[in-house]
Every structure is written in structure tokens, then in C-alpha cells.
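Structure first, then comments.
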Amino acid sequence: MDKKQELFLLYQYQEARRQLATCEEELTDPDRQKAIGILKGQVQKALNEVERLRKECGRLKMANHRLEDEYRDYEVQLRQLNANLYSGNISAPKELEQLQRRIAEYQKAKADREEAVLSQLYLLEAKEKELVLAQKKGDELQGQLVGAVDEEAKRVAVLQSRCARLTKEVSGLKAALPKELLEYYQRSAKALRGIAIIPIKENTCGYCHMIISTAVLAKIKKGNSGIIVCENCGRGLFEQK
Ligand SMILES: [Zn+2]
């Protein structure tokens, strides 16, 4: 392998590493996890609301049963009181007056229960409608969450296989690199933000676009003097064919 090929190999190694870094970054994208977390929170909130409304409807139904029972009790008692009233057994005016007062009280109590049952039924109907809507919303959000989790799993699987492929590529290229080039890369990559070598582009540095002098250009093109760096940005230059 000649020097030019070696420099190109170093460039390939560098680019594979950069792709791997991007791939790893995408794999642990915190925004995606955050979005799923928010959706999970929304689903939980919707489920809580469904549960709250379900309990409230249950409570209203129970209250209604109780009112209906009371209504029926008053009805039974009124029947007995009326039977008593028309039995002909009551003759004392005071006793008669007492009985009539009780009948009036019970009639009012019965009417009150009836009214309460009706207004409770309206309330129950309204709450049941709310419950249906809340359940629909909960189902929709759950569907969205399942979709998002599924999509994320697919995305992660694609990226994981890509990262695995790039890891293999990086180690293959690393093994093929001459020691001094690898050392050069390891020494300078961090300071040069991961780009330690760059191909020249129309007689300029491919990174900072500084025009390269004819003498330096000739050396680069000849390609047997080791790494020649850009005078401006300090990156190794090579000619890509
Ligand atoms: Zn440069």
C-alpha cells in the first residue's frame, strides 16, 4: 500500500468513526424518550379520569337505588295510613288530625324523593356521557402510545444493526492502519473535533477552504512525505482520487 492509499484508509477510518458516533447519538436520543414519557403520562391521566368517572357513576347509581327504596317505603306506609284513615276505626278528631298530618308529611317526603331521583338521573346521564368520551380519549391515547413505542423499537433496531456494522468497519480499518497514522489520528482527532484528515478540494483545504501553495500542493500530490497539514486549520491533507 502506498502512502496515498494509507492516508485514504485513515480518512475512511475517521469517517466510519464519525458515522458510528452519530449513530450512537441517535440511538440514545433523549427527545424521543421524553416524548414517549409525556405520552405515557397523558395515557395515565386519561385512565385516571375514566376511573374517577366510573366511580362517580357507580356512586350516583347507588344513591339513586337508595332514593328509590325510600320512595317505595313511603309508598307502602302511605297505603297503610290511608287504609287506616278509611277503615272507619278512627273517630276521635285529634287522632284523625294526627293521622292526616302524618299522611301529608309522608306525601311530601315521597314527592321529594321522586324529584331527587329525577335530578339524579339527569346527573347520571351527563356523567355517563362524560365517561364515554373519556374512555374514547383514553383509547386513542393508548393507541398513539402503542404506535410510538412500536415505531421507536423499529428505529432502535435499525440503528443498532447500523452501529454494529460500523463498529465492525471501524475495527477492520483500524487493524489495517499503519501504526504512525493511527497515532497521528489519536493525537489530533480530539483537538480537531474528530476531523484530523481531509481531502483537498480544487487546490484548497477541504475543511477550511484555505488555498494551498503550489509547493505544498506538489508534495501532497506526490504523496510520499507523510502527513502534510493545512497551515490554517491544522488538518492532514491528502489527494482523493
Ligand atoms: Zn484547512
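Within each chain, counting starts at residue 1; across the C-alpha cells, chains are named A, B, ... in the order shown, with ligands numbered 1 upward in that order.
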May I have all residues of segment 9-228 of chain A that DSSP, computed from the backbone, assigns to strand (DSSP E), given as an mmCIF file with N, CA and C atoms, in the first residue's frame?
```
data_model
loop_
_atom_site.group_PDB
_atom_site.id
_atom_site.type_symbol
_atom_site.label_atom_id
_atom_site.label_comp_id
_atom_site.auth_asym_id
_atom_site.auth_seq_id
_atom_site.Cartn_x
_atom_site.Cartn_y
_atom_site.Cartn_z
ATOM 1 N N ILE A 197 -8.100 14.505 9.246
ATOM 2 C CA ILE A 197 -7.610 14.380 7.869
ATOM 3 C C ILE A 197 -8.748 14.677 6.893
ATOM 4 N N ILE A 198 -8.392 15.377 5.831
ATOM 5 C CA ILE A 198 -9.431 15.822 4.894
ATOM 6 C C ILE A 198 -8.861 15.854 3.470
ATOM 7 N N PRO A 199 -9.641 15.441 2.471
ATOM 8 C CA PRO A 199 -9.104 15.519 1.102
ATOM 9 C C PRO A 199 -9.026 16.963 0.603
ATOM 10 N N ILE A 200 -8.083 17.257 -0.229
ATOM 11 C CA ILE A 200 -8.009 18.602 -0.819
ATOM 12 C C ILE A 200 -9.118 18.723 -1.869
ATOM 13 N N LYS A 201 -9.524 19.972 -2.070
ATOM 14 C CA LYS A 201 -10.629 20.189 -2.996
ATOM 15 C C LYS A 201 -10.265 21.387 -3.878
ATOM 16 N N THR A 204 -7.589 23.583 -2.587
ATOM 17 C CA THR A 204 -7.797 24.215 -1.270
ATOM 18 C C THR A 204 -7.980 23.103 -0.234
ATOM 19 N N CYS A 205 -7.881 23.507 1.044
ATOM 20 C CA CYS A 205 -8.155 22.564 2.137
ATOM 21 C C CYS A 205 -9.650 22.236 2.094
ATOM 22 N N ILE A 228 0.988 15.966 5.583
ATOM 23 C CA ILE A 228 1.178 17.414 5.424
ATOM 24 C C ILE A 228 -0.092 18.075 5.914
#
```
Kindly assemble as a Markdown table a list of the chain A residues that lie within 12 Å of ligand 1, each paired with its nearest atom pair and their distance in Å to one decimal, using only C-alpha atoms and all ligand atoms, sorted first by chain and then by ascending residue number.
```
| residue | atom | partner | partner_atom_place_in_ligand_line | distance |
| --- | --- | --- | --- | --- |
| A:Leu192 | CA | ligand 1 | 1 (Zn) | 10.6 |
| A:Ile195 | CA | ligand 1 | 1 (Zn) | 10.5 |
| A:Ala196 | CA | ligand 1 | 1 (Zn) | 10.1 |
| A:Ile197 | CA | ligand 1 | 1 (Zn) | 9.5 |
| A:Ile198 | CA | ligand 1 | 1 (Zn) | 8.3 |
| A:Pro199 | CA | ligand 1 | 1 (Zn) | 10.0 |
| A:Ile200 | CA | ligand 1 | 1 (Zn) | 9.0 |
| A:Lys201 | CA | ligand 1 | 1 (Zn) | 10.6 |
| A:Asn203 | CA | ligand 1 | 1 (Zn) | 11.2 |
| A:Thr204 | CA | ligand 1 | 1 (Zn) | 7.8 |
| A:Cys205 | CA | ligand 1 | 1 (Zn) | 4.5 |
| A:Gly206 | CA | ligand 1 | 1 (Zn) | 6.7 |
| A:Tyr207 | CA | ligand 1 | 1 (Zn) | 5.1 |
| A:Cys208 | CA | ligand 1 | 1 (Zn) | 4.1 |
| A:His209 | CA | ligand 1 | 1 (Zn) | 6.0 |
| A:Met210 | CA | ligand 1 | 1 (Zn) | 5.7 |
| A:Ile211 | CA | ligand 1 | 1 (Zn) | 8.6 |
| A:Ile212 | CA | ligand 1 | 1 (Zn) | 8.9 |
| A:Ile228 | CA | ligand 1 | 1 (Zn) | 10.9 |
| A:Val229 | CA | ligand 1 | 1 (Zn) | 7.8 |
| A:Cys230 | CA | ligand 1 | 1 (Zn) | 4.6 |
| A:Glu231 | CA | ligand 1 | 1 (Zn) | 6.6 |
| A:Asn232 | CA | ligand 1 | 1 (Zn) | 5.1 |
| A:Cys233 | CA | ligand 1 | 1 (Zn) | 4.1 |
| A:Gly234 | CA | ligand 1 | 1 (Zn) | 6.1 |
| A:Arg235 | CA | ligand 1 | 1 (Zn) | 5.8 |
| A:Gly236 | CA | ligand 1 | 1 (Zn) | 8.3 |
| A:Leu237 | CA | ligand 1 | 1 (Zn) | 8.1 |
| A:Phe238 | CA | ligand 1 | 1 (Zn) | 11.5 |
```
Next on the checklist: What's around Glu152 of chain A at 10 Å? Count only C-alpha atoms, leave out sequence neighbours fewer than 3 positions away in its own chain, and write the answer as an NGL selection string.
Outcome noted: :A and (27 or 32-33 or 36 or 146-149 or 155-158)
Got time to write the residues from that selection, C-alpha atoms, as a CSV table (one decimal), in the first residue's frame?
```
chain,number,residue,atom,x,y,z
A,27,LEU,CA,-29.7,5.7,19.4
A,32,ARG,CA,-37.7,10.6,21.8
A,33,GLN,CA,-37.7,9.0,25.2
A,36,ILE,CA,-42.8,8.7,24.9
A,146,VAL,CA,-48.5,1.7,21.3
A,147,GLY,CA,-47.7,3.2,17.9
A,148,ALA,CA,-45.0,5.4,19.2
A,149,VAL,CA,-43.4,2.6,21.3
A,155,ARG,CA,-36.0,2.8,14.8
A,156,VAL,CA,-33.7,1.4,17.6
A,157,ALA,CA,-33.4,-2.0,15.9
A,158,VAL,CA,-32.3,-0.3,12.6
```
Checklist entry - Which polymer residues have any atom within 9 Å of an atom of Lys61 of chain A, counting only C-alpha atoms, with same-chain residues fewer than 6 positions away left out, as a list of chain:residue names? => result A:Gln120, A:Leu121, A:Leu124
Mind running segment 23-43 of chain A against segment 47-57 of chain A at 12 Å and telling me each contacting residue's nearest atom pair with the distance in Å (one decimal), counting only C-alpha atoms, chain and number ascending, as CSV?
```
residue,atom,partner,partner_atom,distance
A:Lys40,CA,A:Leu47,CA,10.5
A:Gly41,CA,A:Leu47,CA,9.9
A:Gln42,CA,A:Leu47,CA,8.6
A:Val43,CA,A:Leu47,CA,6.1
```
Checklist entry - Glu15 of chain A: which residues within 12 Å, counting only C-alpha atoms, same-chain residues fewer than 6 positions away excluded, as number ranges by chain? => result A: 8-9, 21-22, 166-167, 169-170, 173-174, 185, 189, 194-199
Item to check | Nearest to Lys190 of chain A by atom-to-atom distance, counting only C-alpha atoms, from A:Gln14, A:Tyr71, A:Glu114, A:Gln77 | outcome: A:Gln14
Checklist entry - Quick one: residues within 12 Å of Glu6 of chain A, only C-alpha atoms counted, chain neighbours fewer than 6 positions away excluded, as an NGL selection string? => result :A and (12-13 or 173-174 or 176-182 or 197 or 223-224 or 226-227 or 238-240)
May I have the residues from that selection written out with C-alpha atoms, as a PDB file, in the first residue's frame?
```
ATOM      1  CA  GLN A  12     -12.137   6.087   5.812  1.00  0.00           C
ATOM      2  CA  TYR A  13     -11.385   5.088   9.390  1.00  0.00           C
ATOM      3  CA  LEU A 173      -9.952  -0.262   9.260  1.00  0.00           C
ATOM      4  CA  LYS A 174      -8.084   0.312  12.498  1.00  0.00           C
ATOM      5  CA  ALA A 176      -5.295  -2.200   8.598  1.00  0.00           C
ATOM      6  CA  LEU A 177      -3.845   1.237   9.502  1.00  0.00           C
ATOM      7  CA  PRO A 178      -0.085   1.776   9.855  1.00  0.00           C
ATOM      8  CA  LYS A 179       0.830   2.486  13.479  1.00  0.00           C
ATOM      9  CA  GLU A 180       2.124   6.036  12.891  1.00  0.00           C
ATOM     10  CA  LEU A 181      -1.089   7.125  11.130  1.00  0.00           C
ATOM     11  CA  LEU A 182      -3.225   5.714  13.910  1.00  0.00           C
ATOM     12  CA  ILE A 197      -7.610  14.380   7.869  1.00  0.00           C
ATOM     13  CA  GLY A 223       2.262  11.700  -1.587  1.00  0.00           C
ATOM     14  CA  ASN A 224       5.474  10.326  -0.113  1.00  0.00           C
ATOM     15  CA  GLY A 226       3.974  11.624   5.402  1.00  0.00           C
ATOM     16  CA  ILE A 227       1.209  13.840   6.679  1.00  0.00           C
ATOM     17  CA  PHE A 238      -4.394  14.173   1.052  1.00  0.00           C
ATOM     18  CA  GLU A 239      -5.446  13.828  -2.538  1.00  0.00           C
ATOM     19  CA  GLN A 240      -8.513  11.689  -3.060  1.00  0.00           C
TER      20      GLN A 240
END
```
Checklist entry - Near Asn64 of chain A, within 10 Å and counting only C-alpha atoms, which residues show up once chain neighbours fewer than 3 positions away are dropped, as a ChimeraX atom specification? => result /A:58-61,67-70,113,116-121,124
Checklist entry - Quick one, how far is atom CA of Lys94 of chain A from atom CA of Ala109 of chain A? => result 22.6 Å
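Among the candidates A:Met1, A:Leu133, A:Leu78, A:Ala175, the one nearest to Lys110 of chain A when counting only C-alpha atoms is A:Leu78.
Minimum distance to Gln19 of chain A across A:Arg79, A:Gln44, A:Lys137, A:Leu159 (counting only C-alpha atoms) occurs at A:Leu159.
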Next on the checklist: From a backbone DSSP assignment, name each residue in segment 12-208 of chain A labelled alpha helix (DSSP H), as a PyMOL selection string.
Outcome noted: chain A and resi 12-27+30-85+93-176+179-188
Checklist outcome for this item: atom CA of Ile90 of chain A sits from atom CA of Tyr74 of chain A at a separation of 21.4 Å
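Atom CA of Glu25 of chain A sits 23.2 Å away from atom CA of Leu145 of chain A.
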